$ cat my_file_27.txt   # compact mmCIF, C-alpha atoms and all ligand atoms
# COMPACT_ATOMS: atom_id res chain seq x y z
CA MET A 57 54.16 59.62 116.15
CA GLU A 58 52.05 62.16 117.97
CA THR A 59 50.50 65.10 116.12
CA ILE A 60 49.01 66.74 119.20
CA LYS A 61 50.88 66.87 122.50
CA VAL A 62 49.27 68.65 125.43
CA SER A 63 51.03 69.18 128.76
CA ASN A 64 49.27 70.57 131.80
CA LEU A 65 47.18 72.90 129.69
CA THR A 66 45.14 75.28 131.84
CA ARG A 67 42.84 78.20 131.12
CA ASP A 68 41.18 80.55 133.58
CA TYR A 69 38.44 83.06 132.82
CA ASP A 70 38.85 85.39 135.79
CA ASP A 71 38.33 83.09 138.76
CA LEU A 72 36.71 80.29 136.75
CA ARG A 73 39.11 77.48 135.82
CA ALA A 74 37.64 76.27 132.50
CA VAL A 75 40.50 73.88 131.64
CA ASP A 76 42.46 72.40 134.50
CA HIS A 77 45.91 70.89 133.84
CA ILE A 78 44.99 68.52 131.04
CA SER A 79 47.65 66.36 129.40
CA PHE A 80 47.29 63.93 126.50
CA GLU A 81 48.68 63.01 123.12
CA VAL A 82 46.92 62.31 119.83
CA GLU A 83 48.63 60.07 117.29
CA THR A 84 48.93 60.99 113.63
CA GLY A 85 45.85 59.79 111.74
CA GLU A 86 43.92 59.12 114.91
CA VAL A 87 40.31 60.20 115.45
CA PHE A 88 40.28 61.54 119.00
CA GLY A 89 36.89 62.09 120.61
CA PHE A 90 36.85 64.85 123.21
CA LEU A 91 33.67 64.41 125.20
CA GLY A 92 32.19 66.09 128.23
CA PRO A 93 29.13 67.85 129.62
CA ASN A 94 28.16 71.39 128.64
CA GLY A 95 30.71 73.76 130.10
CA ALA A 96 33.36 71.06 130.63
CA GLY A 97 35.96 73.04 128.69
CA LYS A 98 35.93 71.39 125.25
CA THR A 99 35.57 74.50 123.10
CA THR A 100 38.06 76.35 125.29
CA THR A 101 40.55 73.52 124.70
CA ILE A 102 40.04 73.63 120.93
CA LYS A 103 40.54 77.39 120.96
CA MET A 104 43.87 76.96 122.74
CA LEU A 105 44.99 74.13 120.46
CA THR A 106 44.23 76.21 117.37
CA GLY A 107 46.03 79.33 118.55
CA GLN A 108 42.88 81.40 119.09
CA LEU A 109 43.13 81.61 122.87
CA ARG A 110 46.16 81.89 125.09
CA PRO A 111 46.58 79.26 127.76
CA THR A 112 46.88 80.53 131.33
CA SER A 113 49.59 77.93 131.87
CA GLY A 114 50.88 74.71 130.39
CA ALA A 115 51.80 74.04 126.77
CA ALA A 116 50.65 72.34 123.62
CA ARG A 117 52.19 71.40 120.30
CA VAL A 118 50.09 70.68 117.22
CA ALA A 119 51.67 69.43 113.98
CA GLY A 120 55.06 70.26 115.40
CA CYS A 121 54.19 73.86 116.29
CA ASP A 122 53.90 75.45 119.70
CA VAL A 123 50.35 76.84 119.85
CA VAL A 124 51.49 80.12 121.40
CA ASP A 125 54.94 80.84 119.97
CA GLU A 126 54.42 79.32 116.50
CA ARG A 127 50.85 80.28 115.75
CA GLN A 128 51.62 81.54 112.27
CA GLN A 129 53.32 78.29 111.21
CA LEU A 130 50.49 76.36 112.82
CA LYS A 131 47.67 78.00 110.85
CA PRO A 132 48.24 76.42 107.41
CA GLN A 133 48.52 72.96 108.96
CA ILE A 134 45.14 72.93 110.67
CA GLY A 135 41.47 73.24 109.81
CA VAL A 136 38.82 74.28 112.33
CA VAL A 137 35.06 74.00 112.30
CA PHE A 138 33.02 75.87 114.91
CA GLU A 139 29.31 76.25 114.46
CA HIS A 140 28.50 78.99 111.94
CA GLN A 141 31.74 80.78 112.54
CA ASN A 142 32.77 83.49 110.09
CA ILE A 143 30.67 82.69 107.10
CA TYR A 144 30.31 85.72 104.86
CA GLU A 145 26.54 85.70 104.73
CA ARG A 146 26.30 88.07 101.80
CA LEU A 147 28.59 85.97 99.65
CA SER A 148 27.70 82.75 97.89
CA ALA A 149 29.18 79.45 99.01
CA ARG A 150 31.52 79.51 96.03
CA ASP A 151 32.69 83.05 96.81
CA ASN A 152 33.20 82.17 100.47
CA LEU A 153 35.48 79.35 99.38
CA LEU A 154 37.22 81.38 96.68
CA PHE A 155 37.99 84.02 99.29
CA ALA A 156 39.50 81.41 101.61
CA ALA A 157 41.35 79.83 98.67
CA ARG A 158 43.04 83.14 97.92
CA LEU A 159 44.10 83.52 101.57
CA TYR A 160 45.62 80.05 101.63
CA GLY A 161 47.02 80.13 98.10
CA VAL A 162 44.83 77.22 97.04
CA GLN A 163 43.91 76.53 93.39
CA LYS A 164 40.40 77.45 92.23
CA SER A 165 39.80 73.91 91.00
CA ARG A 166 40.00 72.76 94.60
CA VAL A 167 37.00 74.99 95.41
CA GLU A 168 34.86 73.19 92.82
CA GLU A 169 36.10 69.84 94.09
CA MET A 170 35.12 70.67 97.68
CA LEU A 171 31.70 72.08 96.66
CA LYS A 172 30.99 68.77 94.98
CA ARG A 173 32.41 66.78 97.86
CA VAL A 174 30.03 68.35 100.40
CA GLY A 175 27.06 68.34 98.03
CA LEU A 176 26.74 72.11 97.58
CA ALA A 177 27.75 72.38 93.93
CA ASP A 178 24.25 72.93 92.56
CA ARG A 179 23.46 75.70 95.05
CA ALA A 180 26.91 77.24 95.21
CA ARG A 181 25.77 80.53 93.65
CA GLU A 182 23.21 81.37 96.34
CA LYS A 183 24.00 83.73 99.18
CA ALA A 184 25.08 81.88 102.29
CA LYS A 185 22.55 83.74 104.44
CA ASN A 186 19.77 81.78 102.73
CA TYR A 187 21.33 78.44 103.53
CA SER A 188 19.87 75.99 106.01
CA ASN A 189 21.85 74.88 109.07
CA GLY A 190 23.11 71.77 107.35
CA MET A 191 24.22 73.67 104.27
CA LYS A 192 26.13 76.20 106.36
CA GLN A 193 27.77 73.39 108.27
CA ARG A 194 28.85 71.70 105.05
CA LEU A 195 30.21 74.99 103.77
CA LEU A 196 32.29 75.34 106.94
CA ILE A 197 33.66 71.84 106.56
CA ALA A 198 34.54 72.49 102.93
CA ARG A 199 36.33 75.67 103.95
CA ALA A 200 38.22 74.02 106.78
CA LEU A 201 39.52 71.34 104.44
CA LEU A 202 40.24 73.50 101.42
CA HIS A 203 43.98 73.71 102.09
CA GLU A 204 44.30 70.01 102.93
CA PRO A 205 45.31 70.43 106.58
CA ARG A 206 47.09 67.66 108.47
CA VAL A 207 44.93 68.17 111.52
CA ILE A 208 41.28 69.08 111.73
CA PHE A 209 39.35 70.27 114.79
CA LEU A 210 35.62 69.69 114.61
CA ASP A 211 33.54 71.27 117.39
CA GLU A 212 30.16 69.48 117.29
CA PRO A 213 30.16 69.10 113.51
CA THR A 214 26.82 67.22 113.35
CA ARG A 215 24.93 69.25 115.93
CA GLY A 216 21.35 69.86 114.84
CA LEU A 217 21.73 68.16 111.48
CA ASP A 218 19.36 65.65 109.93
CA PRO A 219 20.46 62.00 109.93
CA ASN A 220 21.36 62.02 106.23
CA ILE A 221 23.69 64.99 106.47
CA ALA A 222 25.10 63.77 109.78
CA ARG A 223 25.86 60.42 108.21
CA GLY A 224 27.52 62.11 105.25
CA ILE A 225 29.73 64.13 107.58
CA ARG A 226 30.66 61.04 109.58
CA ALA A 227 31.59 59.18 106.40
CA PHE A 228 33.73 62.15 105.43
CA ILE A 229 35.49 62.08 108.82
CA GLU A 230 36.27 58.38 108.34
CA GLU A 231 37.63 59.08 104.88
CA LEU A 232 39.89 61.82 106.22
CA ALA A 233 41.24 59.54 108.92
CA GLN A 234 42.01 56.90 106.31
CA GLN A 235 43.99 59.50 104.40
CA GLY A 236 46.08 60.10 107.51
CA VAL A 237 44.47 63.35 108.68
CA THR A 238 44.38 63.66 112.46
CA VAL A 239 40.87 64.45 113.70
CA PHE A 240 40.02 66.13 117.01
CA LEU A 241 36.28 65.79 117.48
CA THR A 242 33.81 67.02 120.05
CA THR A 243 30.25 65.76 120.00
CA HIS A 244 27.37 65.15 122.35
CA TYR A 245 26.25 62.17 120.26
CA MET A 246 27.73 59.21 122.07
CA GLU A 247 27.02 56.69 119.31
CA GLU A 248 28.82 58.92 116.87
CA ALA A 249 31.81 59.25 119.20
CA ASP A 250 31.85 55.50 119.77
CA HIS A 251 31.68 54.72 116.08
CA LEU A 252 34.26 57.23 114.88
CA SER A 253 36.84 57.58 117.64
CA ASP A 254 39.94 55.49 118.01
CA ARG A 255 40.17 56.85 121.56
CA VAL A 256 38.07 59.21 123.60
CA ALA A 257 38.83 61.51 126.48
CA ILE A 258 36.00 62.34 128.83
CA VAL A 259 36.39 65.75 130.45
CA ASP A 260 34.46 67.07 133.39
CA GLN A 261 34.91 70.49 134.99
CA GLY A 262 38.08 71.07 133.00
CA ARG A 263 39.75 67.78 133.91
CA ILE A 264 40.21 64.54 132.02
CA VAL A 265 38.41 61.85 134.01
CA ALA A 266 38.95 58.98 131.54
CA LEU A 267 40.93 58.37 128.38
CA ASP A 268 40.96 55.14 126.40
CA THR A 269 39.38 53.32 123.47
CA PRO A 270 35.58 53.24 123.63
CA ALA A 271 35.71 49.46 124.00
CA ARG A 272 38.07 49.55 126.97
CA LEU A 273 36.12 52.36 128.66
CA LYS A 274 32.96 50.27 128.43
CA VAL A 275 34.72 47.33 130.05
CA ALA A 276 36.35 49.43 132.76
CA HIS A 277 33.28 51.48 133.72
CA GLY A 278 30.37 49.33 132.60
CA ASP A 279 28.43 46.50 134.08
CA GLY A 280 28.07 44.00 131.28
CA GLU A 281 28.06 43.58 127.53
CA GLU A 282 25.17 45.98 127.00
CA THR A 283 27.09 48.97 128.37
CA THR A 284 27.14 51.93 125.99
CA LEU A 285 29.51 54.86 125.83
CA GLU A 286 26.59 56.99 127.02
CA ASP A 287 26.38 54.84 130.17
CA VAL A 288 30.09 55.45 130.77
CA PHE A 289 29.67 59.18 130.16
CA VAL A 290 26.76 59.46 132.59
CA LYS A 291 28.52 57.37 135.19
CA LEU A 292 31.65 59.51 135.08
CA THR A 293 30.07 62.95 134.73
CA GLY A 294 26.43 62.66 135.77
CA ARG A 295 26.91 63.15 139.50
CA ASN A 296 27.58 66.85 139.06
CA PHE A 297 24.46 67.17 137.00
CA ALA A 298 22.34 65.52 139.70
CA GLN A 299 23.91 67.77 142.35
CA GLN A 300 23.36 70.94 140.34
CA TRP A 301 19.74 70.15 139.62
CA GLY A 302 19.09 68.84 143.10
CA ASP A 303 20.33 72.06 144.66
CA GLU A 304 17.88 74.29 142.83
N1 LIG B 1 34.85 83.98 127.01
C1 LIG B 1 34.52 83.44 128.18
N2 LIG B 1 34.47 84.18 129.31
C2 LIG B 1 34.15 83.64 130.49
N3 LIG B 1 33.87 82.35 130.69
C3 LIG B 1 33.89 81.55 129.61
C4 LIG B 1 34.20 82.05 128.30
N4 LIG B 1 34.15 81.01 127.43
C5 LIG B 1 33.81 79.93 128.15
N5 LIG B 1 33.66 80.25 129.46
C6 LIG B 1 33.31 79.31 130.54
O1 LIG B 1 34.28 78.27 130.55
C7 LIG B 1 33.67 77.02 130.82
C8 LIG B 1 33.98 76.07 129.67
O2 LIG B 1 33.31 76.52 128.51
P1 LIG B 1 33.45 75.77 127.10
O3 LIG B 1 32.72 76.59 126.10
O4 LIG B 1 34.87 75.49 126.86
O5 LIG B 1 32.67 74.43 127.40
P2 LIG B 1 32.25 73.25 126.40
O6 LIG B 1 32.78 72.00 126.99
O7 LIG B 1 32.62 73.58 125.02
O8 LIG B 1 30.65 73.23 126.56
P3 LIG B 1 29.48 72.93 125.48
O9 LIG B 1 29.32 71.44 125.46
O10 LIG B 1 28.27 73.57 126.13
O11 LIG B 1 29.87 73.53 124.19
C9 LIG B 1 32.20 77.30 131.02
O12 LIG B 1 31.94 77.42 132.40
C10 LIG B 1 32.00 78.62 130.32
O13 LIG B 1 30.94 79.35 130.87
MG MG B 2 31.57 73.87 123.27
$ encode --input "my_file_27.txt" --output "structure tokens"
Amino acid sequence: METIKVSNLTRDYDDLRAVDHISFEVETGEVFGFLGPNGAGKTTTIKMLTGQLRPTSGAARVAGCDVVDERQQLKPQIGVVFEHQNIYERLSARDNLLFAARLYGVQKSRVEEMLKRVGLADRAREKAKNYSNGMKQRLLIARALLHEPRVIFLDEPTRGLDPNIARGIRAFIEELAQQGVTVFLTTHYMEEADHLSDRVAIVDQGRIVALDTPARLKVAHGDGEETTLEDVFVKLTGRNFAQQWGDE
């Protein structure tokens, strides 16, 4: 069964078409990698799928809810991680989570469980503003998962993190998928996308230019056994880059 169903979703910012008639489905429990160059429309898509931004046209359903007309029902079913979004810097990690727990009607014991799960338990009393990048990112992940959502949207969850923390987050994503959580993931780390994703979509200038399993994409767009997902990405999206830089 599909948990995300997107039909001709489009978003304009004035005369810029950031997302251009994209359509796809994500199965329940699937890890779906959503890849593309800077400015391709990934974050804009996540904002529409999570009810934060109105599509210009087209439609999407997530966990059975229309992302425009049923935003309120949608909210408790999803978790979202954007970089450093809405952390209360003057509160401790624990208080940030307790605040969210109250909003969602989640038990306090779940806060302690999540602090332990992301490795923040021993520093949970410190103000979030003193946290490093990786600690803030782990706090955001803990908060996004506090209410045990069925679908989680992760916008570059391992960006700028050291290999240990990045690996911990990837292991956590795998664990979630095994539990049946549907994961919508953007990342610029192609090995990470290859390793984690059941399928990936590659978007370029607001359009999906390829969508399949990493293995099949490598066969379809590669030239031999050594082909990596990065090779496929560059082949499908790199021409624009060369043009842009060549023109300057
Ligand atoms: N609020 C906004 N107003 C105007 N244009 C915007 C706005 N947000 C995004 N855009 C533009 O829409 C396009 C898509 O942006 P988006 O942030 O969705 O890309 P992205 O794929 O997430 O890129 P990145 O990999 O750099 O995060 C870009 O050209 C961007 O400049
Ligand atoms: Mg983005």
$ atom_distance --input "my_file_27.txt" --atom1 "CA of Gly262 in chain A" --atom2 "atom C8 of ligand LIG 1 (chain B)"
7.3 Å
$ closest_residue --input "my_file_27.txt" --among "A:Ile208, A:Leu65, A:Ala227, A:Ile102" --to "ligand LIG 1 (chain B)" --atoms "only C-alpha atoms and all ligand atoms"
A:Ile102
$ residues_near_ligand --input "my_file_27.txt" --ligand "ligand LIG 1 (chain B)" --cutoff "12 Å" --atoms "all atoms listed in the file" --output "compact mmCIF listing (two decimals) with C-alpha atoms, in the frame of the given file"
# COMPACT_ATOMS: atom_id res chain seq x y z
CA THR A 66 45.14 75.28 131.84
CA ARG A 67 42.84 78.20 131.12
CA ASP A 68 41.18 80.55 133.58
CA TYR A 69 38.44 83.06 132.82
CA ASP A 70 38.85 85.39 135.79
CA ASP A 71 38.33 83.09 138.76
CA LEU A 72 36.71 80.29 136.75
CA ARG A 73 39.11 77.48 135.82
CA ALA A 74 37.64 76.27 132.50
CA VAL A 75 40.50 73.88 131.64
CA ASP A 76 42.46 72.40 134.50
CA PHE A 90 36.85 64.85 123.21
CA LEU A 91 33.67 64.41 125.20
CA GLY A 92 32.19 66.09 128.23
CA PRO A 93 29.13 67.85 129.62
CA ASN A 94 28.16 71.39 128.64
CA GLY A 95 30.71 73.76 130.10
CA ALA A 96 33.36 71.06 130.63
CA GLY A 97 35.96 73.04 128.69
CA LYS A 98 35.93 71.39 125.25
CA THR A 99 35.57 74.50 123.10
CA THR A 100 38.06 76.35 125.29
CA THR A 101 40.55 73.52 124.70
CA ILE A 102 40.04 73.63 120.93
CA LYS A 103 40.54 77.39 120.96
CA MET A 104 43.87 76.96 122.74
CA GLN A 108 42.88 81.40 119.09
CA LEU A 109 43.13 81.61 122.87
CA ARG A 110 46.16 81.89 125.09
CA PHE A 138 33.02 75.87 114.91
CA GLU A 139 29.31 76.25 114.46
CA LEU A 210 35.62 69.69 114.61
CA ASP A 211 33.54 71.27 117.39
CA GLU A 212 30.16 69.48 117.29
CA PRO A 213 30.16 69.10 113.51
CA ARG A 215 24.93 69.25 115.93
CA LEU A 241 36.28 65.79 117.48
CA THR A 242 33.81 67.02 120.05
CA THR A 243 30.25 65.76 120.00
CA HIS A 244 27.37 65.15 122.35
CA TYR A 245 26.25 62.17 120.26
CA ILE A 258 36.00 62.34 128.83
CA VAL A 259 36.39 65.75 130.45
CA ASP A 260 34.46 67.07 133.39
CA GLN A 261 34.91 70.49 134.99
CA GLY A 262 38.08 71.07 133.00
CA ARG A 263 39.75 67.78 133.91
CA ILE A 264 40.21 64.54 132.02
$ residues_around --input "my_file_27.txt" --residues "Tyr144 in chain A" --least-positions-apart "4" --cutoff "12 Å" --atoms "only C-alpha atoms" --output "list in words"
His140, Ser148, Ala149, Arg150, Asp151, Asn152, Leu153, Leu154, Phe155, Ala156, Glu182, Lys183, Ala184, Lys185, Asn186, Tyr187, Lys192, Leu195, Leu196 and Arg199 of chain A
$ closest_residue --input "my_file_27.txt" --among "A:Asn189, A:His203, A:Asp250, A:Glu145" --to "Leu159 in chain A" --atoms "only C-alpha atoms"
A:His203
$ residues_near_point --input "my_file_27.txt" --point "(31.6, 56.1, 124.4)" --cutoff "10 Å" --atoms "all atoms listed in the file" --output "list in words"
Gly89, Leu91, Tyr245, Met246, Glu247, Glu248, Ala249, Asp250, His251, Leu252, Ser253, Arg255, Val256, Ala257, Ile258, Asp268, Thr269, Pro270, Ala271, Arg272, Leu273, Lys274, Thr283, Thr284, Leu285, Glu286, Asp287, Val288 and Phe289 of chain A
$ atom_distance --input "my_file_27.txt" --atom1 "CA of Asp125 in chain A" --atom2 "CA of Glu81 in chain A"
19.2 Å
$ closest_residue --input "my_file_27.txt" --among "A:Arg166, A:Asp254, A:Glu282, A:Val62" --to "Phe88 in chain A" --atoms "only C-alpha atoms"
A:Asp254
$ closest_residue --input "my_file_27.txt" --among "A:Arg206, A:Leu217, A:Gln234, A:Val137" --to "ligand MG 2 (chain B)" --atoms "all atoms listed in the file"
A:Val137
$ closest_residue --input "my_file_27.txt" --among "A:Gly135, A:Pro205, A:Gly224, A:Pro111" --to "Val174 in chain A" --atoms "all atoms listed in the file"
A:Gly224
$ closest_residue --input "my_file_27.txt" --among "A:Gln193, A:Gln133, A:Asn142, A:Asn64" --to "Asp218 in chain A" --atoms "only C-alpha atoms"
A:Gln193
$ residues_around --input "my_file_27.txt" --residues "Ile134 in chain A" --least-positions-apart "2" --cutoff "12 Å" --atoms "all atoms listed in the file" --output "VMD selection string"
chain A and resid 59 to 60 102 105 to 107 118 to 121 123 127 to 132 136 to 137 160 199 to 210 237 to 240
$ atom_distance --input "my_file_27.txt" --atom1 "CA of Ala198 in chain A" --atom2 "CA of Leu147 in chain A"
15.1 Å
$ decode --input "my_file_27.txt" --residues "range 73-124 of chain A" --atoms "C-alpha atoms" --output "CSV table (one decimal), in the first residue's frame"
chain,number,residue,atom,x,y,z
A,73,ARG,CA,8.8,27.0,-11.2
A,74,ALA,CA,10.6,25.3,-8.2
A,75,VAL,CA,8.6,22.0,-8.5
A,76,ASP,CA,7.2,21.0,-11.9
A,77,HIS,CA,4.4,18.5,-12.2
A,78,ILE,CA,6.0,15.7,-10.2
A,79,SER,CA,4.2,12.4,-9.6
A,80,PHE,CA,5.3,9.4,-7.6
A,81,GLU,CA,4.2,7.0,-4.9
A,82,VAL,CA,6.0,5.8,-1.8
A,83,GLU,CA,5.1,2.4,-0.3
A,84,THR,CA,4.5,1.9,3.4
A,85,GLY,CA,7.8,1.1,5.2
A,86,GLU,CA,9.9,2.2,2.2
A,87,VAL,CA,12.9,4.4,2.4
A,88,PHE,CA,12.6,6.8,-0.5
A,89,GLY,CA,15.6,8.8,-1.4
A,90,PHE,CA,14.8,12.2,-3.0
A,91,LEU,CA,18.0,13.4,-4.7
A,92,GLY,CA,18.9,16.3,-6.8
A,93,PRO,CA,21.3,19.3,-7.2
A,94,ASN,CA,21.1,22.4,-5.1
A,95,GLY,CA,17.9,24.3,-6.0
A,96,ALA,CA,16.3,21.2,-7.6
A,97,GLY,CA,13.1,21.6,-5.5
A,98,LYS,CA,13.7,19.0,-2.8
A,99,THR,CA,13.0,21.1,0.3
A,100,THR,CA,10.1,22.8,-1.5
A,101,THR,CA,8.6,19.3,-2.1
A,102,ILE,CA,9.0,18.3,1.5
A,103,LYS,CA,7.3,21.5,2.6
A,104,MET,CA,4.3,20.8,0.5
A,105,LEU,CA,4.1,17.1,1.6
A,106,THR,CA,4.2,18.2,5.2
A,107,GLY,CA,1.5,20.8,4.9
A,108,GLN,CA,3.8,23.8,5.4
A,109,LEU,CA,3.6,25.2,1.9
A,110,ARG,CA,0.6,25.3,-0.5
A,111,PRO,CA,1.1,23.7,-3.9
A,112,THR,CA,0.4,25.9,-6.9
A,113,SER,CA,-1.3,23.0,-8.5
A,114,GLY,CA,-1.5,19.2,-8.3
A,115,ALA,CA,-2.2,17.2,-5.2
A,116,ALA,CA,-0.6,14.9,-2.6
A,117,ARG,CA,-1.8,12.5,0.0
A,118,VAL,CA,0.4,11.5,2.9
A,119,ALA,CA,-0.8,8.8,5.4
A,120,GLY,CA,-4.2,9.0,4.0
A,121,CYS,CA,-4.5,12.8,4.4
A,122,ASP,CA,-4.7,15.4,1.7
A,123,VAL,CA,-1.8,17.8,2.4
A,124,VAL,CA,-3.9,20.9,1.8
